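Visitor: Following this message is one structure expressed as structure tokens.
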Amino acid sequence: MEVCFKKNDAIKFTWTMPANEDGLRQLYRIVSMSPPEATGQFVADRFKLIDTPSYRDYFTRMFKGDAQRYMNQATLTKSELARITQQVALLYGAQDRLVPFTEAAVPLANAIPQADLMRLANCGHTPSLDQPEKFLNIARSLFG
């Protein structure tokens with residue numbers, strides 16, 4: 001069983017370099033449920049960091065080409081999944097719009113018998129941003 005999904009509008013948008021602060025603010029709203037950092041000074045400061053010719057070049061090269069091809073290349077095959085023998089912990093945002101929970105996390109967890117899947121409510125693509133306390137508590141319980 002391969003676990004893959006099709007490129008969606010959220011991926012298409014986030015794989016494009018924001019043209020301005022409003023674009024970066026919108027990007028944060030896509031990847032995070034309610035990012036307090038996506039307003040005001042945080043976005044202005046962050047945009048100043050990334051709005052440079054060298055970063056624009058880097059970002060454009062990194063996400064250049066067919067996004068679906070890159071997603072397919074990141075898909076594990078049935079034989080690759082079968083070779084995973086270690087315990088796996090998947091921590092996943094229930095409202096992830098880039099890599100949807102039901103389309104990606106559930107099939108992946110089902111394909112790895114020793115995988116534990118933890119679904120975080122009110123959480124998008126960025127568990128550490130959306131649910132920092134839950135994220136840290138889970139990490140501490142797993143890693144000490």
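Please note that chains go A, B, ... in the order of the structure tokens, that every chain numbers its residues from 1, and that ligands are numbered from 1 in the order shown.
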For Leu129 (chain A), list every protein, DNA or RNA residue within 12 Å, evaluated using only C-alpha atoms, and leave out those in the same chain fewer than 2 positions away; present the list as an MDAnalysis selection string.
Guide: chainID A and resid 28:29 31:38 93 120 122:127 131:136
Visitor: Suppose we keep C-alpha atoms; can you now write the selection as a short mmCIF file (atom, residue, chain, number, x, y, z; two decimals), in the first residue's frame?
Guide:
data_model
loop_
_atom_site.label_atom_id
_atom_site.label_comp_id
_atom_site.auth_asym_id
_atom_site.auth_seq_id
_atom_site.Cartn_x
_atom_site.Cartn_y
_atom_site.Cartn_z
CA TYR A 28 0.55 31.33 8.15
CA ARG A 29 -3.24 31.18 8.18
CA VAL A 31 -0.54 26.17 7.84
CA SER A 32 -1.72 27.11 11.32
CA MET A 33 -5.17 27.12 12.91
CA SER A 34 -4.93 30.44 14.75
CA PRO A 35 -1.38 31.69 14.71
CA PRO A 36 -1.00 34.61 17.10
CA GLU A 37 2.34 35.23 15.41
CA ALA A 38 0.66 35.84 12.04
CA GLY A 93 -2.94 18.13 13.27
CA LEU A 120 -4.33 16.93 17.83
CA ASN A 122 -7.54 22.54 16.76
CA CYS A 123 -4.24 21.96 15.02
CA GLY A 124 -3.08 22.48 11.46
CA HIS A 125 0.21 21.62 9.76
CA THR A 126 2.29 23.07 12.61
CA PRO A 127 1.62 21.23 15.90
CA GLN A 131 -0.58 23.32 20.27
CA PRO A 132 2.80 24.01 21.89
CA GLU A 133 1.94 22.60 25.32
CA LYS A 134 0.46 19.39 23.93
CA PHE A 135 3.39 19.09 21.54
CA LEU A 136 5.94 19.48 24.34
#
Visitor: Identify, on the basis of only C-alpha atoms, every residue whose closest approach to Tyr92 (chain A) does not exceed 12 Å; exclude the query and any residue fewer than 2 positions from it along the same chain; express the result as a PyMOL selection string.
Guide: chain A and resi 89-90+94-106+108-109+116-128+130-131+134-135+138
Visitor: For CA of Gln87 (chain A) and CA of Tyr70 (chain A), determine how far apart the two atoms are, in Å to one decimal place.
Guide: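 These atoms are spaced 26.3 Å apart.
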Visitor: Smallest atom-to-atom distance to Asn20 (chain A): which of A:Leu142, A:Leu76, A:Ala111, A:Leu49, using only C-alpha atoms?
Guide: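 Smallest distance to Asn20 (chain A) is found for A:Leu49.
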Visitor: What is the CA of Thr52 (chain A)-CA of Thr16 (chain A) distance in Å, reported with one decimal?
Guide: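 Atom-to-atom, CA of Thr52 (chain A) and CA of Thr16 (chain A) are spaced 14.8 Å apart.
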Visitor: So which one's closest to Lys64 (chain A), A:Lys78, A:Arg140, A:Lys6, A:Lys12? Using only C-alpha atoms, please.
Guide: A:Lys12
Visitor: Can you pull out every residue from region 38-124 of chain A that DSSP, working from the backbone, puts in strand (DSSP E), and format the result as a short mmCIF file (atom, residue, chain, number, x, y, z; two decimals) with N, CA and C atoms, in the first residue's frame?
Guide:
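After the write, out.cif holds the following:
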data_model
loop_
_atom_site.label_atom_id
_atom_site.label_comp_id
_atom_site.auth_asym_id
_atom_site.auth_seq_id
_atom_site.Cartn_x
_atom_site.Cartn_y
_atom_site.Cartn_z
N VAL A 88 6.85 3.74 15.78
CA VAL A 88 6.69 5.02 15.11
C VAL A 88 5.59 5.80 15.83
N ALA A 89 5.87 7.06 16.10
CA ALA A 89 4.87 7.95 16.68
C ALA A 89 4.57 9.05 15.68
N LEU A 90 3.34 9.12 15.23
CA LEU A 90 2.91 10.16 14.30
C LEU A 90 2.06 11.16 15.07
N LEU A 91 2.51 12.39 15.13
CA LEU A 91 1.79 13.47 15.78
C LEU A 91 1.22 14.34 14.68
N TYR A 92 -0.10 14.50 14.66
CA TYR A 92 -0.72 15.07 13.48
C TYR A 92 -1.83 16.04 13.82
N GLY A 93 -1.87 17.16 13.11
CA GLY A 93 -2.94 18.13 13.27
C GLY A 93 -4.20 17.68 12.57
N ALA A 115 2.83 1.66 14.39
CA ALA A 115 2.72 3.11 14.47
C ALA A 115 1.60 3.52 15.42
N ASP A 116 1.90 4.50 16.24
CA ASP A 116 0.89 5.16 17.06
C ASP A 116 0.57 6.48 16.39
N LEU A 117 -0.70 6.77 16.23
CA LEU A 117 -1.14 8.01 15.61
C LEU A 117 -1.84 8.87 16.65
N MET A 118 -1.31 10.06 16.86
CA MET A 118 -1.90 10.99 17.81
C MET A 118 -2.47 12.18 17.04
N ARG A 119 -3.77 12.34 17.13
CA ARG A 119 -4.49 13.41 16.43
C ARG A 119 -4.68 14.57 17.39
N LEU A 120 -4.19 15.74 17.00
CA LEU A 120 -4.33 16.93 17.83
C LEU A 120 -5.47 17.79 17.29
#
Visitor: Compare A:Ile30, A:Ile112, A:Leu24, A:Ala67 by their minimum atom-to-atom distance to Ile50 (chain A), counting only C-alpha atoms, and give me the closest one.
Guide: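 Under the stated criterion, the closest residue is A:Leu24.
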Visitor: Pick out the residues sitting within 10 Å of Ala19 (chain A), and hand them over as a short mmCIF file (atom, residue, chain, number, x, y, z; two decimals) with C-alpha atoms, in the first residue's frame; count only C-alpha atoms, and ignore anything fewer than 6 positions along from it in its own chain.
Guide:
data_model
loop_
_atom_site.label_atom_id
_atom_site.label_comp_id
_atom_site.auth_asym_id
_atom_site.auth_seq_id
_atom_site.Cartn_x
_atom_site.Cartn_y
_atom_site.Cartn_z
CA PHE A 47 9.07 39.14 5.86
CA ASP A 51 12.44 39.26 1.34
CA ARG A 56 13.82 34.36 -3.03
#
Visitor: Give the helix (DSSP H, G or I) residues of region 79-133 of chain A, as assigned by DSSP on the backbone, as an NGL selection string.
Guide: :A and (79-82 or 101-111 or 127-130 or 132-133)
Visitor: Point out the residue among A:Arg46, A:Trp15, A:Ile84, A:Pro53 with the least atom-to-atom distance to Asp66 (chain A), counting only C-alpha atoms.
Guide: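 Closest candidate: A:Trp15.
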Visitor: Provide the CA of Asn72 (chain A) to CA of Lys7 (chain A) distance in Å, to one decimal place.
Guide: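 Distance between the two atoms: 9.7 Å.
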Visitor: Check the smallest atom-to-atom distance from each of A:Ala82, A:Val43, A:Met71, A:Met62 to Asn8 (chain A) using only C-alpha atoms, then report the winner.
Guide: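 Answer, going by the shortest atom-to-atom distance: A:Met71.
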